[in-house]
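**Student:** If it helps, the file is called target-v4.cif and holds mmCIF, C-alpha atoms:
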```
data_data
loop_
_atom_site.label_atom_id
_atom_site.label_comp_id
_atom_site.auth_asym_id
_atom_site.auth_seq_id
_atom_site.Cartn_x
_atom_site.Cartn_y
_atom_site.Cartn_z
CA MET G 58 197.52 -104.11 43.20
CA SER G 59 199.35 -107.18 44.40
CA LEU G 60 199.73 -108.28 48.00
CA PHE G 61 203.35 -107.22 47.88
CA ASN G 62 202.37 -103.70 46.73
CA ILE G 63 199.96 -103.43 49.65
CA CYS G 64 202.70 -104.51 52.08
CA GLN G 65 205.13 -102.04 50.55
CA ALA G 66 202.56 -99.24 50.82
CA LEU G 67 201.95 -100.12 54.48
CA GLN G 68 205.67 -100.10 55.23
CA ASP G 69 206.07 -96.75 53.45
CA SER G 70 203.02 -95.19 55.15
CA ALA G 71 203.44 -92.47 57.76
CA VAL G 72 202.58 -94.84 60.62
CA GLY G 73 204.90 -97.60 59.39
CA THR G 74 207.78 -95.22 58.83
CA SER G 75 207.40 -93.47 62.18
CA ILE G 76 207.43 -96.78 64.10
CA ARG G 77 210.47 -98.01 62.17
CA GLU G 78 212.51 -94.83 62.38
CA SER G 79 211.79 -93.79 65.96
CA LEU G 80 214.50 -94.68 68.45
CA TRP G 81 212.09 -96.03 71.07
CA THR G 82 208.78 -96.93 69.45
CA PHE G 83 209.86 -100.20 67.81
CA PRO G 84 211.79 -101.59 70.83
CA VAL G 85 208.93 -100.65 73.20
CA ILE G 86 206.29 -102.35 71.02
CA GLU G 87 208.53 -105.39 70.58
CA THR G 88 209.07 -105.67 74.34
CA ILE G 89 205.29 -105.50 74.92
CA HIS G 90 204.86 -108.18 72.22
CA ILE G 91 207.30 -110.49 74.04
CA LEU G 92 206.16 -109.91 77.63
CA ALA G 93 202.47 -110.32 76.70
CA LEU G 94 203.39 -113.94 75.90
CA ALA G 95 202.95 -114.55 79.64
CA LEU G 96 199.27 -113.59 79.55
CA SER G 97 198.38 -115.02 76.14
CA VAL G 98 200.29 -118.23 75.40
CA GLY G 99 201.27 -118.61 79.08
CA MET G 100 197.64 -118.97 80.17
CA ILE G 101 196.66 -121.17 77.20
CA ILE G 102 199.56 -123.54 77.96
CA MET G 103 198.13 -124.02 81.47
CA LEU G 104 194.85 -125.19 79.90
CA ASP G 105 196.73 -127.39 77.39
CA LEU G 106 198.78 -128.99 80.17
CA ARG G 107 195.52 -129.76 82.00
CA LEU G 108 193.99 -131.26 78.84
CA ILE G 109 196.94 -133.60 78.23
CA GLY G 110 196.97 -134.60 81.91
CA ALA G 111 200.33 -133.05 82.76
CA GLY G 112 199.41 -130.68 85.55
CA MET G 113 196.87 -128.35 87.19
CA ARG G 114 195.25 -131.43 88.75
CA HIS G 115 193.21 -129.44 91.27
CA ALA G 116 191.27 -127.58 88.60
CA PRO G 117 188.90 -129.22 86.07
CA ALA G 118 189.67 -128.10 82.50
CA GLY G 119 186.29 -126.36 82.16
CA GLN G 120 186.98 -124.24 85.23
CA ILE G 121 190.47 -123.30 84.01
CA MET G 122 189.08 -122.21 80.66
CA GLY G 123 186.18 -120.26 82.20
CA GLN G 124 188.25 -118.50 84.84
CA LEU G 125 191.23 -117.65 82.64
CA LYS G 126 189.31 -116.69 79.50
CA LYS G 127 189.19 -112.98 80.35
CA TRP G 128 192.94 -112.94 80.97
CA TYR G 129 194.09 -114.74 77.87
CA LEU G 130 191.72 -112.63 75.77
CA ILE G 131 193.42 -109.51 77.18
CA GLY G 132 196.77 -111.18 76.42
CA PHE G 133 195.86 -112.03 72.82
CA GLY G 134 194.38 -108.56 72.30
CA THR G 135 197.73 -107.08 73.36
CA MET G 136 199.60 -109.59 71.18
CA ILE G 137 197.56 -108.84 68.05
CA THR G 138 197.70 -105.06 68.51
CA SER G 139 201.46 -104.97 69.09
CA GLY G 140 202.01 -107.57 66.35
CA VAL G 141 200.01 -105.58 63.79
CA LEU G 142 202.04 -102.45 64.60
CA LEU G 143 205.34 -104.34 64.21
CA PHE G 144 204.12 -105.81 60.91
CA TRP G 145 202.99 -102.37 59.72
CA SER G 146 206.50 -100.99 60.09
CA GLU G 147 208.15 -103.88 58.20
CA ALA G 148 205.35 -105.24 56.02
CA ALA G 149 207.36 -105.60 52.80
CA LYS G 150 210.18 -107.35 54.68
CA CYS G 151 207.64 -109.66 56.33
CA TYR G 152 206.15 -110.45 52.92
CA ARG G 153 209.49 -111.83 51.76
CA SER G 154 210.21 -113.69 55.01
CA ASN G 155 209.56 -117.44 54.87
CA SER G 156 209.58 -117.60 58.69
CA PHE G 157 206.79 -115.03 58.80
CA ARG G 158 204.72 -116.98 56.26
CA ILE G 159 205.12 -120.17 58.30
CA LYS G 160 204.16 -118.25 61.46
CA LEU G 161 200.93 -117.06 59.82
CA VAL G 162 200.05 -120.59 58.67
CA LEU G 163 200.67 -121.90 62.21
CA LEU G 164 198.44 -119.13 63.63
CA LEU G 165 195.70 -120.17 61.21
CA LEU G 166 196.05 -123.79 62.39
CA VAL G 167 195.93 -122.60 66.02
CA ALA G 168 192.67 -120.79 65.29
CA LEU G 169 191.17 -123.84 63.53
CA ASN G 170 192.19 -126.06 66.45
CA ALA G 171 190.57 -123.63 68.92
CA VAL G 172 187.34 -123.39 66.89
CA PHE G 173 187.19 -127.19 66.60
CA PHE G 174 187.64 -127.51 70.37
CA GLU G 175 185.01 -124.83 71.03
CA ILE G 176 182.41 -126.58 68.86
CA VAL G 177 183.07 -130.24 69.70
CA TYR G 178 184.30 -130.30 73.32
CA LYS G 179 183.42 -127.01 74.99
CA PRO G 180 179.66 -127.76 75.44
CA ARG G 181 180.44 -130.94 77.43
CA MET G 182 183.42 -129.50 79.29
CA GLU G 183 181.56 -128.59 82.48
CA GLN G 184 180.91 -132.29 83.09
CA TRP G 185 184.59 -133.19 83.32
CA GLU G 186 185.38 -133.48 87.00
CA ALA G 187 188.67 -132.60 88.66
CA GLY G 188 189.84 -136.21 88.93
CA GLN G 189 188.45 -137.27 85.56
CA ARG G 190 190.53 -137.36 82.40
CA PRO G 191 189.37 -135.31 79.41
CA PRO G 192 188.37 -137.41 76.35
CA ALA G 193 191.12 -138.50 73.97
CA GLY G 194 190.12 -135.98 71.29
CA ALA G 195 190.32 -133.08 73.72
CA LYS G 196 193.72 -134.32 74.81
CA LEU G 197 194.84 -134.31 71.17
CA CYS G 198 193.59 -130.70 70.84
CA GLY G 199 195.75 -129.81 73.85
CA TRP G 200 198.82 -131.37 72.26
CA CYS G 201 198.15 -129.63 68.92
CA SER G 202 197.68 -126.27 70.63
CA MET G 203 200.91 -126.60 72.58
CA ILE G 204 203.04 -127.76 69.63
CA LEU G 205 201.56 -125.10 67.32
CA TRP G 206 202.20 -122.31 69.85
CA ILE G 207 205.80 -123.45 70.30
CA GLY G 208 206.09 -123.21 66.51
CA VAL G 209 204.52 -119.72 66.45
CA ILE G 210 207.00 -118.46 69.06
CA GLY G 211 209.94 -120.13 67.31
CA PHE G 212 209.13 -118.80 63.85
CA GLY G 213 208.24 -115.42 65.35
CA ARG G 214 211.73 -115.17 66.82
CA TRP G 215 213.19 -116.43 63.53
CA THR G 216 211.30 -113.72 61.62
CA ALA G 217 212.93 -111.01 63.74
CA TYR G 218 216.31 -112.69 63.30
CA GLY G 219 216.01 -112.66 59.53
CA MET G 220 215.15 -108.91 59.51
CA LYS G 221 218.48 -107.73 60.87
CA MET J 42 239.40 -107.85 94.68
CA ILE J 43 235.80 -108.93 94.01
CA ALA J 44 235.71 -106.72 90.91
CA LEU J 45 238.82 -108.48 89.60
CA ALA J 46 237.33 -111.92 90.25
CA VAL J 47 234.17 -110.88 88.38
CA LEU J 48 236.23 -109.67 85.43
CA HIS J 49 238.17 -112.95 85.42
CA PHE J 50 234.94 -114.89 85.42
CA PHE J 51 233.57 -112.93 82.44
CA HIS J 52 236.84 -113.42 80.53
CA TRP J 53 236.85 -117.13 81.33
CA ALA J 54 233.26 -117.47 80.05
CA ASP J 55 234.00 -115.46 76.93
CA ASP J 56 237.13 -117.51 76.13
CA SER J 57 235.47 -120.90 76.69
CA ALA J 58 235.04 -123.52 73.97
CA VAL J 59 231.23 -123.36 74.35
CA ALA J 60 231.27 -119.61 73.71
CA ALA J 61 233.43 -120.07 70.61
CA ALA J 62 231.13 -122.79 69.30
CA ILE J 63 228.00 -120.63 69.71
CA ARG J 64 229.71 -117.59 68.15
CA GLY J 65 231.00 -119.71 65.28
CA SER J 66 227.53 -120.54 64.01
CA THR J 67 224.98 -118.20 62.50
CA TRP J 68 221.98 -120.14 63.76
CA VAL J 69 222.87 -121.60 67.16
CA PHE J 70 222.43 -118.28 69.01
CA ALA J 71 218.96 -117.70 67.51
CA PHE J 72 218.03 -121.32 68.24
CA ILE J 73 218.99 -120.93 71.91
CA GLU J 74 217.06 -117.66 72.02
CA VAL J 75 213.91 -119.50 70.92
CA PHE J 76 214.28 -121.80 73.95
CA HIS J 77 214.86 -118.73 76.14
CA LEU J 78 211.51 -117.31 74.92
CA LEU J 79 209.67 -120.62 75.38
CA GLY J 80 210.99 -120.84 78.94
CA LEU J 81 209.97 -117.21 79.53
CA THR J 82 206.42 -117.98 78.38
CA LEU J 83 206.14 -120.84 80.86
CA LEU J 84 207.89 -119.03 83.73
CA LEU J 85 206.05 -115.70 83.42
CA GLY J 86 202.81 -117.56 82.65
CA THR J 87 202.96 -119.51 85.93
CA VAL J 88 204.10 -116.40 87.82
CA VAL J 89 201.09 -114.46 86.47
CA LEU J 90 198.74 -117.35 87.31
CA VAL J 91 199.84 -117.51 90.96
CA ASN J 92 199.88 -113.73 91.37
CA LEU J 93 196.40 -113.36 89.87
CA ARG J 94 195.14 -115.83 92.47
CA LEU J 95 196.99 -113.93 95.21
CA CYS J 96 195.01 -110.82 94.20
CA GLY J 97 191.76 -112.79 94.14
CA TYR J 98 191.50 -113.11 90.34
CA GLY J 99 191.93 -115.97 87.87
CA LEU J 100 191.48 -119.47 89.32
CA GLN J 101 189.24 -118.32 92.18
CA ARG J 102 187.39 -121.64 92.52
CA GLN J 103 190.65 -123.30 93.54
CA SER J 104 192.40 -122.45 96.80
CA LEU J 105 195.55 -120.38 96.71
CA ALA J 106 197.61 -123.34 97.95
CA GLU J 107 196.18 -125.56 95.18
CA VAL J 108 196.99 -123.04 92.43
CA ALA J 109 200.49 -122.47 93.81
CA SER J 110 201.31 -126.17 94.16
CA ASP J 111 199.87 -126.99 90.70
CA ALA J 112 201.88 -124.17 89.11
CA LEU J 113 205.15 -124.90 90.93
CA PRO J 114 206.48 -127.84 88.84
CA TRP J 115 205.95 -125.91 85.60
CA MET J 116 207.41 -122.77 87.11
CA LEU J 117 210.53 -124.81 87.89
CA VAL J 118 210.61 -126.20 84.33
CA GLY J 119 210.30 -122.63 83.02
CA MET J 120 213.14 -121.51 85.29
CA ALA J 121 215.36 -124.42 84.21
CA VAL J 122 214.78 -123.71 80.51
CA THR J 123 215.29 -119.93 80.75
CA MET J 124 218.31 -120.19 83.02
CA GLY J 125 219.91 -123.03 81.03
CA SER J 126 219.47 -121.25 77.70
CA GLY J 127 220.28 -117.89 79.32
CA SER J 128 223.59 -119.21 80.63
CA LEU J 129 224.56 -120.30 77.11
CA LEU J 130 223.57 -116.90 75.65
CA PHE J 131 225.56 -115.17 78.39
CA VAL J 132 228.69 -117.27 77.85
CA SER J 133 228.64 -116.56 74.12
CA GLU J 134 228.79 -112.79 74.69
CA ALA J 135 230.11 -112.48 78.23
CA MET J 136 232.36 -109.49 77.51
CA LYS J 137 229.48 -107.65 75.83
CA CYS J 138 227.43 -108.30 78.99
CA TYR J 139 230.29 -107.04 81.14
CA ASP J 140 229.95 -103.62 79.50
CA SER J 141 226.15 -103.67 79.62
CA PRO J 142 224.39 -101.90 82.53
CA PRO J 143 221.04 -103.60 81.66
CA PHE J 144 222.70 -107.01 82.14
CA PHE J 145 223.65 -106.20 85.75
CA VAL J 146 220.23 -104.68 86.39
CA LYS J 147 218.70 -107.90 85.07
CA MET J 148 220.86 -110.07 87.34
CA GLY J 149 219.88 -107.90 90.31
CA PHE J 150 216.18 -108.30 89.49
CA LEU J 151 216.63 -112.04 88.90
CA PHE J 152 218.38 -112.66 92.21
CA THR J 153 215.79 -110.63 94.13
CA ALA J 154 212.90 -112.29 92.28
CA LEU J 155 214.22 -115.79 93.05
CA VAL J 156 214.77 -115.01 96.74
CA PHE J 157 211.34 -113.37 97.06
CA THR J 158 209.56 -116.23 95.24
CA PHE J 159 211.09 -119.02 97.32
CA THR J 160 210.91 -117.32 100.73
CA LEU J 161 208.18 -114.77 101.43
CA GLN J 162 205.88 -115.65 98.54
CA ARG J 163 206.22 -119.41 99.01
CA ARG J 164 205.22 -119.03 102.66
CA LEU J 165 202.24 -116.84 101.74
CA THR J 166 200.97 -119.19 99.01
CA LYS J 167 200.84 -122.19 101.37
CA ARG J 168 197.63 -120.73 102.80
CA SER J 169 194.28 -121.70 101.34
CA ALA J 170 193.19 -118.06 101.01
CA PRO J 171 195.38 -114.98 100.58
CA PRO J 172 195.41 -112.28 103.26
CA PRO J 173 193.63 -109.48 101.34
CA LEU J 174 196.18 -106.69 101.65
CA TRP J 175 199.43 -108.66 101.87
CA GLY J 176 198.34 -110.89 99.02
CA LYS J 177 198.00 -107.89 96.70
CA VAL J 178 201.26 -106.33 97.90
CA ALA J 179 203.16 -109.61 97.41
CA ALA J 180 201.64 -110.10 93.96
CA GLY J 181 202.60 -106.55 92.97
CA VAL J 182 206.18 -107.03 94.18
CA SER J 183 206.49 -110.40 92.44
CA LEU J 184 205.14 -109.09 89.11
CA PHE J 185 207.38 -106.02 89.32
CA LEU J 186 210.46 -108.18 89.95
CA TRP J 187 209.79 -110.83 87.27
CA PHE J 188 208.69 -108.40 84.58
CA GLY J 189 211.70 -106.28 85.58
CA VAL J 190 213.88 -109.28 84.69
CA GLY J 191 212.20 -109.51 81.29
CA LEU J 192 212.35 -105.80 80.62
CA ALA J 193 216.02 -105.46 81.57
CA GLY J 194 216.77 -108.61 79.57
CA ARG J 195 215.21 -107.15 76.45
CA ALA J 196 217.19 -103.95 77.05
CA ILE J 197 220.50 -105.86 76.79
CA ALA J 198 219.88 -106.34 73.07
CA PHE J 199 218.95 -102.70 72.49
CA TYR J 200 221.55 -101.03 74.66
#
```
How would this structure read if it were set down as structure tokens?

**Tutor:**
Amino acid sequence: MSLFNICQALQDSAVGTSIRESLWTFPVIETIHILALALSVGMIIMLDLRLIGAGMRHAPAGQIMGQLKKWYLIGFGTMITSGVLLFWSEAAKCYRSNSFRIKLVLLLLVALNAVFFEIVYKPRMEQWEAGQRPPAGAKLCGWCSMILWIGVIGFGRWTAYGMK
Amino acid sequence: MIALAVLHFFHWADDSAVAAAIRGSTWVFAFIEVFHLLGLTLLLGTVVLVNLRLCGYGLQRQSLAEVASDALPWMLVGMAVTMGSGSLLFVSEAMKCYDSPPFFVKMGFLFTALVFTFTLQRRLTKRSAPPPLWGKVAAGVSLFLWFGVGLAGRAIAFY
């Protein structure tokens, strides 16, 4: 069974079909997927801006990450759940969409960037004071995260546009 | 009288060269929409950040005034990006918006949200700590208004 067959089976499944064909289910899930951007990417961007030295000067990066972690995890949980449901209803279409493929690659890079940051910089983060600049590598992680997330949002929108 | 002026304005926007240029391309509209979403992420993100602090959550180790003043420049950037891109999207389909109840609901929410944010909420967030009850009430009102803008905005496309 190829990956495409799996996607087609998902799309044709009872759950996939009911989301796609219901008048309200798809728009409601899509709206949740968009508004949860505020809690997921919105909170991460605040940390990224702090890392690159472009704002949130009153809060050390370690404190931003610690205090907002719960909130962006809720945000990403909502994002993934709603995203999986949207994918389920149009899996075969997504399979053929180049925008969707690029979005997935960018998400993978986002995850690698986050894991790299967690391993290399997170343990020393508590020592960065409010006035102090994060090390150059951490700054680069902030830039990567921000640019990749902009790409994820852009190609996410483009995926929906190509589905019409 | 006012209704006629509004109709004229919508016609003028719809007939403009900018509107024709956006409508004439397959990709420009989607491209502007991407910017609208990026602005929304920044705007709603900063709004959530400040309101969480108002309720006593989120950046608790910073004072309310610090969180609000740190978030303000990026909130303004978010507003500029969403409103700039939003104006272009509006112009390109002004007559569609004229017939769309969600569009007018959205504008109502937007106007109220802007007024609330820059008057009552701005005054409240200049304090170092939020007044327990009023902080939560203000945060609830602010979140309701801003997410109302987003919700009504999304409804324009589905209506």

**Student:** Using all atoms listed in the file, determine which residues lie at most 12 Å from G:Ala66, disregarding the query and same-chain residues fewer than 2 positions distant; provide the list as a ChimeraX atom specification.

**Tutor:** /G:58-64,68-74,145-150,152

**Student:** Counting all atoms listed in the file, figure out which residue out of J:Leu117, J:Ala54, J:Ile63, J:Thr87 gets nearest to chain G.

**Tutor:**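 Distance minimum relative to chain G lands on J:Thr87.
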
**Student:** Considering all atoms listed in the file, state which residue in the set G:Leu125, G:Leu142, G:Leu106, G:Ile76 is at the smallest distance from chain J.

**Tutor:**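 Closest to chain J, using all atoms listed in the file: G:Leu125.
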
**Student:** Closest to G:Asp105 among G:Gly199, G:Pro117, G:Pro180, G:Gly132, using all atoms listed in the file?

**Tutor:** G:Gly199

**Student:** Write out as a Markdown table a residue-level contact list of chain J versus chain G with cut-off 10 Å: for each qualifying residue the closest pair of atoms and the distance in Å to one decimal, counting all atoms listed in the file, rows sorted by chain and residue number upward.

**Tutor:**
```
| residue | atom | partner | partner_atom | distance |
| --- | --- | --- | --- | --- |
| J:Trp68 | CA | G:Tyr218 | CA | 9.4 |
| J:Ala71 | CA | G:Tyr218 | CA | 7.1 |
| J:Phe72 | CA | G:Gly211 | CA | 8.2 |
| J:Glu74 | CA | G:Arg214 | CA | 7.9 |
| J:Val75 | CA | G:Gly211 | CA | 5.4 |
| J:Phe76 | CA | G:Gly211 | CA | 8.1 |
| J:Leu78 | CA | G:Ile210 | CA | 7.5 |
| J:Leu79 | CA | G:Ile207 | CA | 7.0 |
| J:Gly80 | CA | G:Gly99 | CA | 10.0 |
| J:Leu81 | CA | G:Ala95 | CA | 7.5 |
| J:Thr82 | CA | G:Ala95 | CA | 5.0 |
| J:Leu83 | CA | G:Gly99 | CA | 5.6 |
| J:Leu84 | CA | G:Ala95 | CA | 7.8 |
| J:Leu85 | CA | G:Ala95 | CA | 5.0 |
| J:Gly86 | CA | G:Gly99 | CA | 4.0 |
| J:Thr87 | CA | G:Gly99 | CA | 7.1 |
| J:Val88 | CA | G:Ala95 | CA | 8.5 |
| J:Val89 | CA | G:Ala95 | CA | 7.1 |
| J:Leu90 | CA | G:Met100 | CA | 7.4 |
| J:Leu93 | CA | G:Trp128 | CA | 9.6 |
| J:Tyr98 | CA | G:Gln124 | CA | 8.4 |
| J:Gly99 | CA | G:Gln124 | CA | 5.4 |
| J:Leu100 | CA | G:Gln124 | CA | 5.6 |
| J:Gln101 | CA | G:Gln124 | CA | 7.4 |
| J:Arg102 | CA | G:Gln120 | CA | 7.8 |
| J:Gln103 | CA | G:Ala116 | CA | 6.6 |
| J:Ser104 | CA | G:His115 | CA | 8.9 |
| J:Glu107 | CA | G:His115 | CA | 6.3 |
| J:Val108 | CA | G:Met113 | CA | 7.5 |
| J:Ala109 | CA | G:Met113 | CA | 9.6 |
| J:Ser110 | CA | G:Met113 | CA | 8.5 |
| J:Asp111 | CA | G:Met113 | CA | 4.8 |
| J:Ala112 | CA | G:Met113 | CA | 6.8 |
| J:Leu113 | CA | G:Met113 | CA | 9.7 |
| J:Pro114 | CA | G:Gly112 | CA | 8.3 |
| J:Trp115 | CA | G:Gly112 | CA | 8.1 |
| J:Phe188 | CA | G:Leu92 | CA | 7.5 |
| J:Gly191 | CA | G:Leu92 | CA | 7.1 |
| J:Leu192 | CA | G:Thr88 | CA | 7.1 |
| J:Gly194 | CA | G:Thr88 | CA | 9.8 |
| J:Arg195 | CA | G:Thr88 | CA | 6.7 |
| J:Ala196 | CA | G:Pro84 | CA | 8.6 |
| J:Ala198 | CA | G:Pro84 | CA | 9.6 |
| J:Phe199 | CA | G:Pro84 | CA | 7.4 |
```

**Student:** With 4 Å on each side, where is the centre of the axis-aligned box around all listed atoms of stretch 182-192 of chain J, and how long are its edges in Å to one decimal, as lines of an AutoDock Vina configuration file?

**Tutor:**
```
center_x = 209.5
center_y = -108.3
center_z = 87.4
size_x = 16.7
size_y = 13.0
size_z = 21.6
```

**Student:** Give me, please, the distance in Å between atom CA of J:Val190 and atom CA of J:Gly149, quoted to one decimal.

**Tutor:**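 Interatomic distance here is 8.3 Å.
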
**Student:** Which polymer residues have any atom within 9 Å of an atom of J:Glu134, counting all atoms listed in the file, with same-chain residues fewer than 4 positions away left out, as a VMD selection string?

**Tutor:** chain J and resid 54 to 55 60 64 129 to 130 138 to 139

**Student:** If the PyMOL selection byres ((chain J and resi 177) around 10) is run on the structure shown, which residues does it catch, given as an mmCIF file with C-alpha atoms, in the coordinates of the input?

**Tutor:**
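And here is the file that came out, out-v3.cif:
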```cif
data_model
loop_
_atom_site.group_PDB
_atom_site.id
_atom_site.type_symbol
_atom_site.label_atom_id
_atom_site.label_comp_id
_atom_site.auth_asym_id
_atom_site.auth_seq_id
_atom_site.Cartn_x
_atom_site.Cartn_y
_atom_site.Cartn_z
ATOM 1 C CA ASN J 92 199.880 -113.730 91.370
ATOM 2 C CA LEU J 93 196.400 -113.360 89.870
ATOM 3 C CA ARG J 94 195.140 -115.830 92.470
ATOM 4 C CA LEU J 95 196.990 -113.930 95.210
ATOM 5 C CA CYS J 96 195.010 -110.820 94.200
ATOM 6 C CA GLY J 97 191.760 -112.790 94.140
ATOM 7 C CA PRO J 171 195.380 -114.980 100.580
ATOM 8 C CA PRO J 172 195.410 -112.280 103.260
ATOM 9 C CA PRO J 173 193.630 -109.480 101.340
ATOM 10 C CA LEU J 174 196.180 -106.690 101.650
ATOM 11 C CA TRP J 175 199.430 -108.660 101.870
ATOM 12 C CA GLY J 176 198.340 -110.890 99.020
ATOM 13 C CA VAL J 178 201.260 -106.330 97.900
ATOM 14 C CA ALA J 179 203.160 -109.610 97.410
ATOM 15 C CA ALA J 180 201.640 -110.100 93.960
ATOM 16 C CA GLY J 181 202.600 -106.550 92.970
ATOM 17 C CA VAL J 182 206.180 -107.030 94.180
ATOM 18 C CA SER J 183 206.490 -110.400 92.440
#
```

**Student:** Take atom CA of J:Gly125 and atom CA of J:His77 and report the distance between them in Å, one decimal.

**Tutor:**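 Between atom CA of J:Gly125 and atom CA of J:His77 the gap is 8.2 Å.
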
**Student:** Between atom CA of J:Met42 and atom CA of J:Val132, what is the distance, to one decimal in Å?

**Tutor:**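 Value for the atom CA of J:Met42-atom CA of J:Val132 distance: 22.1 Å.
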
**Student:** Taking all atoms listed in the file into account, which of J:Gly65, J:Gly189, J:Phe131, J:Val91 comes nearest J:Thr158?

**Tutor:**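 Looking at the shortest contact to J:Thr158, the residue is J:Val91.
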
**Student:** If we count all atoms listed in the file, what is near G:Ala193 at a cut-off of 12 Å, once residues fewer than 5 positions away on the same chain are taken out, given as an mmCIF file with C-alpha atoms, in the coordinates of the input?

**Tutor:**
```
data_model
loop_
_atom_site.group_PDB
_atom_site.id
_atom_site.type_symbol
_atom_site.label_atom_id
_atom_site.label_comp_id
_atom_site.auth_asym_id
_atom_site.auth_seq_id
_atom_site.Cartn_x
_atom_site.Cartn_y
_atom_site.Cartn_z
ATOM 1 C CA LEU G 108 193.990 -131.260 78.840
ATOM 2 C CA ILE G 109 196.940 -133.600 78.230
ATOM 3 C CA GLY G 110 196.970 -134.600 81.910
ATOM 4 C CA TYR G 178 184.300 -130.300 73.320
ATOM 5 C CA CYS G 198 193.590 -130.700 70.840
ATOM 6 C CA GLY G 199 195.750 -129.810 73.850
ATOM 7 C CA TRP G 200 198.820 -131.370 72.260
#
```

**Student:** So that I can check the surroundings of G:Leu169, please list as a list in words every protein, DNA and RNA residue that reaches within 12 Å of it, counting all atoms listed in the file and ignoring chain neighbours fewer than 6 positions away.

**Tutor:**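 That gives Val162, Leu163, Glu175, Ile176, Cys198, Cys201, Ser202 and Leu205 of chain G.
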